[in-house]
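Worksheet: one structure, shown below.
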Amino acid sequence: APTILLWVAICAYALFFSAFTIQRHATLNTFAADLSYIDQPMWNTVHGRFLERTLGAVQAPRVAEHLELILLPLSLVYLVWPDVRAMLILQSLALAIGALPVFWIARRTFRGLTAAGQEGVARDNVRAEWLALAFSVAYLLSAPLQAANVADFHADPFVVAPLLFAFWYGTELRWRPMWFWALLVMAAKENLPTLTAMLGLFLICSDPELKASLWHRPLWHWPLRVKLDRAALRSATFHGLALILVSVAWFGIATFAIVAPLARQYYGTDGPFYLSNRFTEFGGAGGSFVAALFSVLREPGRLDYLLYLLRSVGWLPLLAPEYLLLGLPVFLANVLSNFPGQFSGEQHYSAPLVPVLVIAAVYGARRLQRIVERQVPVRLSPMFTNTSAVAVLGAVWLLLWVGSVQIVRGWTPLARPFEWPELTAHHRTLDRLLAQIPGDAAVSASPAVHAHLAHREKIYVFPVVAQATHVLIDVAGVTDMHPNDVRTQVERLIGEEDFGVTDAADGFILLARGETNQVLP
């Protein structure tokens with residue numbers, strides 16, 4: 001029953017968030033940043049232009065901002081279905097499937113804690129599966145996870161399930177599948193090999209053979225001489241060390257040898273775009289790094305972010321804080337960034353932290369069970385031990401906290417602020433105007449309309465027009481401009497730039513070069 005319910009929950013999540021994100025797209029709630037900025041490079045890739053996108057008035061590689069190799073295999077979907085909705089569905093599926101390794105990790109963790117005899121083992125296994133289901137449901141109800149799911153489209157959500165699988169296979173000492181999933185984590189984005197480096201450190205620290213060997217040797221015998229025999233090549237220490245070396249090497253190459261030169265060329269930054277723009281408080285000449293650090297950490301929003309993350313998994317990670325170290329680099333990057341969205345918990349930046357929080361919560365709950373079992377020897381009944389009681393109460397505690405955060409900040413019908421986007425006549429009017437734009441035309445479009453036109457070589461964000469032959473604006477929607485400025489720009493295009501009105505209705509204006517009509521209806 002728990003396994004069946006797990007797959008029901010996974011399918012329900014994938015179906016709901018696929019439908020919800022597609023509906024948000026249809027109702028103009030997706031934008032050039034960031035849906036088009038990733039969708040267009042993927043579409044251009046399958047048409048022979050490697051991760052190329054329109055940046056301002058020029059064509060630039062997406063790699064000038066981020067190196068996201070995971071986008072290359074994902075872009076092949078456009079050979080079958082060249083529609084951005086395919087990416088929204090894939091993103092929901094990728095996040096939903098993460099509940100499976102969560103289930104495996106929790107089931108293994110809670111098995112055999114107090115079993116005695118064959119009947120006790122069977123009872124413990126059943127309890128472990130129900131507890132594992134509770135953690136899987138908590139994962140799927142995680143508000144930070146769902147926020148990443150609805151924040152248009154990014155590479156970060158595609159690191160969640162691979163990191164969970166890599167942890168599972170690594171702790172099972174199954175090295176080949178661990179490396180497969182770890183390489184997917186590294187391929188997601190140039191800054192995310194920090195997660196696999198921390199996983200490698202975890203494997204080294206948790207290697208029982210290494211700990212036993214170090215424990216029985218005096219300090220002056222450290223470091224040990226490594227003997228590369230077959231046993232060593234199968235050890236957690238060897239693979240952990242290799243994972244650290246590969247992760248650090250790829251982070252350095254991707255960030256400083258690939259992204260940084262392109263960022264300097266196209267953005268004019270001193271280094272990688274992400275590092276140069278998000279942490280400026282720590283790079284001031286003559287300023288103290290420590291003073292800047294304390295100044296940043298005193299801001300209340302950053303502490304609120306930490307409390308929000310812990311609250312989203314019922315505070316259980318505090319009982320196993322060493323597991324939180326897996327996500328320390330990403331957490332520090334988020335909490336120290338000068339971009340508020342990065343520590344808001346409302347965008348995609350927290351997605352890589354969700355698997356770490358859930359793993360720490362699982363082991364924190366296990367630690368609580370063992371403490372109770374040792375410290376409170378009284379058994380409630382032969383069938384219902386203290387551990388069983390703590391398991392039930394722990395699952396209830398977890399789901400109550402997850403549910404409370406879901407009600408306040410979630411993205412399902414359980415949430416108070418939830419609204420299903422309503423498709424109106426205004427949104428349906430867009431289809432008529434889109435049909436009048438040739439598929440190979442260069443277009444300038446306002447941000448919300450932009451995401452519906454990004455499958456072309458060149459597409460500019462209005463008011464940039466450059467080489468565009470068509471301009472489509474939704475003056476009734478998001479334009480990122482003051483209405484007076486929008487009107488001035490439209491009048492300039494009609495009066496000075498040889499544009500005319502092809503069609504206009506319900507707030508949409510479609511202009512084309514060479515069109516003779518210069519009067520808005």
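Within each chain, counting starts at residue 1; across the structure tokens, chains are named A, B, ... in the order shown, with ligands numbered 1 upward in that order.
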| query | Could you pull out all residues of segment 83-309 of chain A with a DSSP call of alpha helix (DSSP H) and give them as number ranges by chain? | reply | A: 85-96, 99-110, 117-140, 143-150, 160-171, 175-188, 193-205, 208-215, 230-233, 236-252, 260-266, 273-278, 289-297, 300-309
Per residue of segment 327-380 of chain A within 9 Å of segment 198-209 of chain A, which atom pair is closest and at what distance in Å (one decimal), using only C-alpha atoms, listed by chain and increasing number, as a tab-separated table?
residue	atom	partner	partner_atom	distance
A:Gly327	CA	A:Met198	CA	7.5
A:Leu328	CA	A:Met198	CA	8.2
A:Pro329	CA	A:Met198	CA	8.4
| field | Separation of atom CA of Ala14 of chain A from atom CA of Leu140 of chain A, in Å and rounded to one decimal | value | 9.7 Å
I'd like the neighbourhood of segment 272-279 of chain A as a CSV table (one decimal) with N, CA and C atoms, in the first residue's frame, where a residue qualifies if any of its atoms comes within 10 Å (using only C-alpha atoms), though same-chain residues fewer than 5 positions away should be ignored.
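Resulting contents of part-v4.csv:
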chain,number,residue,atom,x,y,z
A,63,VAL,N,25.8,30.6,-22.6
A,63,VAL,CA,27.0,30.2,-21.8
A,63,VAL,C,27.6,31.4,-21.2
A,64,ALA,N,27.4,32.6,-21.8
A,64,ALA,CA,28.0,33.8,-21.2
A,64,ALA,C,27.4,34.1,-19.8
A,65,GLU,N,26.2,33.5,-19.5
A,65,GLU,CA,25.6,33.7,-18.2
A,65,GLU,C,25.8,32.5,-17.3
A,66,HIS,N,25.4,31.3,-17.9
A,66,HIS,CA,25.5,30.1,-17.2
A,66,HIS,C,25.8,29.0,-18.1
A,191,ASN,N,27.8,26.2,-11.1
A,191,ASN,CA,28.1,26.3,-9.7
A,191,ASN,C,27.6,25.2,-8.9
A,254,ALA,N,34.5,25.1,-15.7
A,254,ALA,CA,33.2,25.7,-16.2
A,254,ALA,C,33.1,27.2,-15.9
A,255,THR,N,33.4,27.5,-14.6
A,255,THR,CA,33.2,28.9,-14.1
A,255,THR,C,34.2,29.9,-14.7
A,256,PHE,N,35.5,29.5,-14.6
A,256,PHE,CA,36.5,30.5,-14.9
A,256,PHE,C,37.2,30.3,-16.2
A,257,ALA,N,37.1,29.2,-16.8
A,257,ALA,CA,37.7,29.0,-18.2
A,257,ALA,C,36.7,29.1,-19.3
A,258,ILE,N,35.4,28.8,-19.0
A,258,ILE,CA,34.4,28.9,-20.0
A,258,ILE,C,33.4,30.1,-19.9
A,259,VAL,N,32.8,30.2,-18.7
A,259,VAL,CA,31.8,31.2,-18.5
A,259,VAL,C,32.4,32.6,-18.4
A,260,ALA,N,33.5,32.7,-17.6
A,260,ALA,CA,34.1,34.0,-17.3
A,260,ALA,C,34.5,34.8,-18.6
A,261,PRO,N,35.3,34.1,-19.5
A,261,PRO,CA,35.7,34.9,-20.7
A,261,PRO,C,34.5,35.4,-21.6
A,262,LEU,N,33.4,34.6,-21.7
A,262,LEU,CA,32.3,35.0,-22.4
A,262,LEU,C,31.5,36.1,-21.7
A,263,ALA,N,31.5,36.0,-20.4
A,263,ALA,CA,30.8,37.1,-19.6
A,263,ALA,C,31.5,38.4,-19.8
A,264,ARG,N,32.8,38.3,-19.8
A,264,ARG,CA,33.6,39.6,-20.0
A,264,ARG,C,33.3,40.1,-21.4
A,266,TYR,N,30.5,39.6,-23.4
A,266,TYR,CA,29.1,40.0,-23.7
A,266,TYR,C,28.5,40.9,-22.6
A,267,TYR,N,29.0,40.8,-21.4
A,267,TYR,CA,28.4,41.6,-20.3
A,267,TYR,C,29.4,42.6,-19.7
A,284,GLY,N,34.4,45.2,-2.5
A,284,GLY,CA,34.8,46.6,-2.5
A,284,GLY,C,36.2,46.9,-2.1
A,333,ALA,N,25.7,30.7,-0.8
A,333,ALA,CA,25.5,31.6,-2.1
A,333,ALA,C,24.2,32.3,-2.1
A,334,ASN,N,23.1,31.6,-1.6
A,334,ASN,CA,21.8,32.2,-1.6
A,334,ASN,C,21.7,33.3,-0.5
A,336,LEU,N,24.0,35.0,1.1
A,336,LEU,CA,24.9,36.1,1.0
A,336,LEU,C,24.7,36.9,-0.3
A,337,SER,N,23.8,36.5,-1.2
A,337,SER,CA,23.6,37.2,-2.4
A,337,SER,C,23.0,38.6,-2.2
A,338,ASN,N,23.3,39.5,-3.1
A,338,ASN,CA,22.7,40.9,-3.0
A,338,ASN,C,21.4,40.9,-3.8
A,339,PHE,N,21.0,39.8,-4.4
A,339,PHE,CA,19.7,39.7,-5.1
A,339,PHE,C,18.7,39.1,-4.2
A,340,PRO,N,17.7,39.9,-3.8
A,340,PRO,CA,16.7,39.4,-2.8
A,340,PRO,C,16.0,38.1,-3.2
A,342,GLN,N,17.1,35.6,-4.5
A,342,GLN,CA,17.9,34.4,-4.2
A,342,GLN,C,17.6,33.8,-2.8
Closest-contact table, segment 382-437 of chain A side, partner segment 141-152 of chain A, 8 Å, counting only C-alpha atoms, as a Markdown table:
| residue | atom | partner | partner_atom | distance |
| --- | --- | --- | --- | --- |
| A:Val402 | CA | A:Ser142 | CA | 6.6 |
| A:Gly403 | CA | A:Leu141 | CA | 7.4 |
| A:Val405 | CA | A:Ala143 | CA | 6.7 |
| A:Gln406 | CA | A:Ala143 | CA | 5.7 |
| A:Arg409 | CA | A:Ala143 | CA | 6.2 |
| A:Gly410 | CA | A:Ala143 | CA | 4.8 |
| A:Trp411 | CA | A:Gln146 | CA | 6.1 |
| field | segment 415-426 of chain A environment, 6 Å, only C-alpha atoms, sequence neighbours closer than 6 positions dropped, as JSON, numbers by chain | value | {"A": [27, 406, 407, 408]}
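Using only C-alpha atoms, the nearest neighbour of Ala32 of chain A within the list A:Asp480, A:Asp270, A:Glu457, A:Glu299 is A:Asp480.
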| query | Which polymer residues have any atom within 9 Å of an atom of Trp7 of chain A, counting only C-alpha atoms, with same-chain residues fewer than 4 positions away left out, as a PyMOL selection string? | reply | chain A and resi 2-3+11-12+99-100
Could you take the residues named above and write them with N, CA and C atoms, as a compact mmCIF listing (two decimals), in the first residue's frame?
# COMPACT_ATOMS: atom_id res chain seq x y z
N PRO A 2 1.90 1.37 0.83
CA PRO A 2 2.71 2.60 0.78
C PRO A 2 3.35 2.83 -0.59
N THR A 3 3.78 1.77 -1.23
CA THR A 3 4.40 1.92 -2.56
C THR A 3 3.39 2.39 -3.58
N CYS A 11 2.44 10.74 -9.40
CA CYS A 11 1.64 11.04 -10.60
C CYS A 11 0.75 12.26 -10.37
N ALA A 12 0.17 12.37 -9.18
CA ALA A 12 -0.70 13.51 -8.89
C ALA A 12 0.09 14.81 -8.94
N ALA A 99 10.62 12.07 -5.35
CA ALA A 99 9.99 11.41 -4.20
C ALA A 99 10.39 9.94 -4.10
N LEU A 100 10.81 9.34 -5.22
CA LEU A 100 11.18 7.92 -5.21
C LEU A 100 12.46 7.68 -4.40
| said: Set the distance at 10 Å and use only C-alpha atoms: which residues neighbour Asn29 of chain A once local chain neighbours fewer than 3 positions away are removed? I'd like the list as a VMD selection string. | reply: chain A and resid 21 to 26 150 to 152 421 447 to 449 451 477 to 478
| said: Which residues are close to Ser344 of chain A, i.e. within 10 Å by only C-alpha atoms, leaving aside same-chain residues fewer than 2 positions away? Reply as a PyMOL selection string. | reply: chain A and resi 144+301-302+304-306+308+334-335+339-342+346-350
Once you have the residues from the selection above, write them out as a compact mmCIF listing (two decimals), in the first residue's frame, restricted to all heavy atoms.
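out-v1.txt, written as the output of this step:
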# COMPACT_ATOMS: atom_id res chain seq x y z
N PRO A 144 9.26 25.31 -0.98
CA PRO A 144 10.38 25.74 -1.83
C PRO A 144 10.48 24.95 -3.13
O PRO A 144 10.84 25.50 -4.17
CB PRO A 144 11.61 25.51 -0.94
CG PRO A 144 11.09 25.51 0.45
CD PRO A 144 9.71 24.95 0.37
N GLY A 301 15.83 39.59 6.42
CA GLY A 301 15.33 38.69 5.39
C GLY A 301 16.16 37.42 5.23
O GLY A 301 15.65 36.37 4.88
N ARG A 302 17.45 37.51 5.55
CA ARG A 302 18.33 36.35 5.39
C ARG A 302 18.11 35.33 6.51
O ARG A 302 18.11 34.13 6.26
CB ARG A 302 19.78 36.82 5.32
CG ARG A 302 19.98 37.81 4.16
CD ARG A 302 21.36 38.41 4.14
NE ARG A 302 21.39 39.59 3.29
CZ ARG A 302 21.66 39.59 1.98
NH1 ARG A 302 21.92 38.45 1.37
NH2 ARG A 302 21.66 40.71 1.29
N ASP A 304 15.26 35.07 8.10
CA ASP A 304 13.93 34.55 7.80
C ASP A 304 14.00 33.42 6.77
O ASP A 304 13.23 32.46 6.84
CB ASP A 304 13.03 35.68 7.26
CG ASP A 304 12.70 36.71 8.32
OD1 ASP A 304 12.88 36.40 9.52
OD2 ASP A 304 12.28 37.82 7.95
N TYR A 305 14.92 33.55 5.83
CA TYR A 305 15.10 32.52 4.80
C TYR A 305 15.53 31.20 5.43
O TYR A 305 14.98 30.14 5.12
CB TYR A 305 16.13 33.00 3.79
CG TYR A 305 16.49 32.00 2.71
CD1 TYR A 305 15.53 31.49 1.85
CD2 TYR A 305 17.80 31.57 2.55
CE1 TYR A 305 15.86 30.59 0.85
CE2 TYR A 305 18.15 30.68 1.56
CZ TYR A 305 17.18 30.18 0.71
OH TYR A 305 17.51 29.29 -0.27
N LEU A 306 16.50 31.26 6.35
CA LEU A 306 16.96 30.05 7.03
C LEU A 306 15.81 29.42 7.83
O LEU A 306 15.59 28.20 7.77
CB LEU A 306 18.12 30.39 7.97
CG LEU A 306 18.58 29.28 8.91
CD1 LEU A 306 19.07 28.06 8.12
CD2 LEU A 306 19.67 29.79 9.85
N TYR A 308 12.63 29.74 7.35
CA TYR A 308 11.64 29.22 6.41
C TYR A 308 12.04 27.84 5.89
O TYR A 308 11.21 26.92 5.82
CB TYR A 308 11.49 30.21 5.26
CG TYR A 308 10.79 29.67 4.04
CD1 TYR A 308 9.47 29.25 4.09
CD2 TYR A 308 11.45 29.60 2.81
CE1 TYR A 308 8.82 28.76 2.96
CE2 TYR A 308 10.81 29.12 1.68
CZ TYR A 308 9.50 28.70 1.76
OH TYR A 308 8.86 28.23 0.64
N ASN A 334 23.12 31.58 -1.61
CA ASN A 334 21.80 32.20 -1.59
C ASN A 334 21.69 33.28 -0.52
O ASN A 334 21.20 34.38 -0.76
CB ASN A 334 20.73 31.14 -1.35
CG ASN A 334 20.50 30.24 -2.55
OD1 ASN A 334 21.02 30.50 -3.64
ND2 ASN A 334 19.74 29.18 -2.37
N VAL A 335 22.14 32.96 0.68
CA VAL A 335 21.91 33.86 1.80
C VAL A 335 22.83 35.08 1.76
O VAL A 335 22.51 36.13 2.34
CB VAL A 335 22.06 33.08 3.13
CG1 VAL A 335 23.52 32.95 3.55
CG2 VAL A 335 21.23 33.72 4.25
N PHE A 339 20.99 39.77 -4.38
CA PHE A 339 19.73 39.70 -5.11
C PHE A 339 18.67 39.10 -4.20
O PHE A 339 18.73 37.92 -3.85
CB PHE A 339 19.91 38.85 -6.36
CG PHE A 339 18.63 38.61 -7.13
CD1 PHE A 339 17.81 39.67 -7.51
CD2 PHE A 339 18.24 37.32 -7.47
CE1 PHE A 339 16.64 39.45 -8.21
CE2 PHE A 339 17.07 37.09 -8.18
CZ PHE A 339 16.27 38.16 -8.54
N PRO A 340 17.67 39.87 -3.77
CA PRO A 340 16.70 39.38 -2.79
C PRO A 340 15.96 38.11 -3.23
O PRO A 340 15.59 37.29 -2.38
CB PRO A 340 15.72 40.56 -2.64
CG PRO A 340 16.52 41.76 -3.03
CD PRO A 340 17.45 41.30 -4.11
N GLY A 341 15.75 37.95 -4.54
CA GLY A 341 15.06 36.76 -5.00
C GLY A 341 15.78 35.48 -4.65
O GLY A 341 15.17 34.41 -4.53
N GLN A 342 17.09 35.57 -4.46
CA GLN A 342 17.88 34.38 -4.19
C GLN A 342 17.65 33.85 -2.79
O GLN A 342 17.79 32.65 -2.54
CB GLN A 342 19.36 34.67 -4.41
CG GLN A 342 20.19 33.45 -4.74
CD GLN A 342 21.49 33.79 -5.43
OE1 GLN A 342 21.62 34.81 -6.08
NE2 GLN A 342 22.48 32.92 -5.29
N GLU A 346 11.10 32.01 -2.96
CA GLU A 346 9.98 32.03 -3.90
C GLU A 346 10.42 31.76 -5.35
O GLU A 346 9.59 31.76 -6.23
CB GLU A 346 9.30 33.41 -3.85
CG GLU A 346 8.66 33.73 -2.51
CD GLU A 346 7.56 32.75 -2.13
OE1 GLU A 346 6.88 32.25 -3.05
OE2 GLU A 346 7.39 32.49 -0.93
N GLN A 347 11.71 31.56 -5.59
CA GLN A 347 12.17 31.31 -6.94
C GLN A 347 12.88 29.96 -7.01
O GLN A 347 12.73 29.13 -6.12
CB GLN A 347 13.05 32.47 -7.41
CG GLN A 347 12.28 33.80 -7.46
CD GLN A 347 13.06 34.91 -8.12
OE1 GLN A 347 13.92 34.69 -8.97
NE2 GLN A 347 12.78 36.15 -7.73
N HIS A 348 13.68 29.76 -8.05
CA HIS A 348 14.28 28.45 -8.29
C HIS A 348 15.55 28.20 -7.50
O HIS A 348 16.04 27.08 -7.46
CB HIS A 348 14.60 28.32 -9.78
CG HIS A 348 15.56 29.35 -10.27
ND1 HIS A 348 15.17 30.66 -10.51
CD2 HIS A 348 16.88 29.31 -10.55
CE1 HIS A 348 16.21 31.36 -10.92
NE2 HIS A 348 17.26 30.57 -10.95
N TYR A 349 16.08 29.22 -6.82
CA TYR A 349 17.39 29.10 -6.20
C TYR A 349 17.42 28.11 -5.04
O TYR A 349 18.48 27.58 -4.70
CB TYR A 349 17.85 30.48 -5.71
CG TYR A 349 17.99 31.49 -6.81
CD1 TYR A 349 16.99 32.44 -7.04
CD2 TYR A 349 19.10 31.49 -7.64
CE1 TYR A 349 17.11 33.36 -8.07
CE2 TYR A 349 19.23 32.40 -8.67
CZ TYR A 349 18.22 33.34 -8.87
OH TYR A 349 18.33 34.25 -9.89
N SER A 350 16.28 27.86 -4.41
CA SER A 350 16.25 26.96 -3.26
C SER A 350 16.04 25.50 -3.66
O SER A 350 16.13 24.62 -2.79
CB SER A 350 15.14 27.38 -2.28
OG SER A 350 15.36 28.69 -1.81
| What residues in segment 317-469 of chain A get the DSSP label strand (DSSP E or B)? Please answer as JSON, numbers by chain. | {"A": [443, 444, 445, 459, 460, 461]}
What does the file look like for those residues with all heavy atoms, as a tab-separated table (two decimals), in the first residue's frame?
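selection20.tsv was written with the following content:
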chain	number	residue	atom	x	y	z
A	443	VAL	N	11.36	39.19	-34.21
A	443	VAL	CA	10.25	39.83	-33.52
A	443	VAL	C	10.75	40.57	-32.29
A	443	VAL	O	11.72	40.16	-31.65
A	443	VAL	CB	9.20	38.77	-33.09
A	443	VAL	CG1	8.06	39.40	-32.31
A	443	VAL	CG2	8.66	38.02	-34.30
A	444	SER	N	10.08	41.66	-31.96
A	444	SER	CA	10.24	42.32	-30.67
A	444	SER	C	8.91	42.20	-29.93
A	444	SER	O	7.86	42.48	-30.52
A	444	SER	CB	10.61	43.80	-30.86
A	444	SER	OG	10.63	44.46	-29.60
A	445	ALA	N	8.95	41.76	-28.68
A	445	ALA	CA	7.70	41.50	-27.96
A	445	ALA	C	7.84	41.92	-26.50
A	445	ALA	O	8.93	41.89	-25.93
A	445	ALA	CB	7.35	40.02	-28.04
A	459	ILE	N	14.75	37.19	-31.29
A	459	ILE	CA	13.57	37.79	-30.68
A	459	ILE	C	14.03	38.75	-29.59
A	459	ILE	O	14.81	38.39	-28.72
A	459	ILE	CB	12.61	36.72	-30.10
A	459	ILE	CG1	11.40	37.41	-29.45
A	459	ILE	CG2	13.29	35.76	-29.16
A	459	ILE	CD1	10.26	36.48	-29.12
A	460	TYR	N	13.57	39.99	-29.67
A	460	TYR	CA	14.01	41.05	-28.78
A	460	TYR	C	12.92	41.33	-27.75
A	460	TYR	O	11.74	41.11	-28.00
A	460	TYR	CB	14.31	42.32	-29.58
A	460	TYR	CG	15.22	42.08	-30.76
A	460	TYR	CD1	14.70	41.91	-32.05
A	460	TYR	CD2	16.60	42.01	-30.59
A	460	TYR	CE1	15.53	41.67	-33.13
A	460	TYR	CE2	17.44	41.78	-31.67
A	460	TYR	CZ	16.90	41.60	-32.94
A	460	TYR	OH	17.72	41.36	-34.01
A	461	VAL	N	13.36	41.83	-26.60
A	461	VAL	CA	12.41	42.25	-25.56
A	461	VAL	C	12.10	43.72	-25.79
A	461	VAL	O	13.00	44.57	-25.75
A	461	VAL	CB	12.97	42.02	-24.16
A	461	VAL	CG1	11.94	42.47	-23.11
A	461	VAL	CG2	13.33	40.57	-23.94
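Interatomic distance, atom CA of Ser388 of chain A against atom CA of Leu5 of chain A: 20.9 Å.
Proximity ranking of A:Leu472, A:Leu368, A:Leu163, A:Leu131 relative to Pro317 of chain A places A:Leu368 first, based on only C-alpha atoms.
Using only C-alpha atoms, the nearest neighbour of Lys458 of chain A within the list A:Arg53, A:Arg370, A:His154, A:His239 is A:Arg53.
The coordinates place atom CA of Leu453 of chain A at 8.7 Å from atom CA of Gly439 of chain A.
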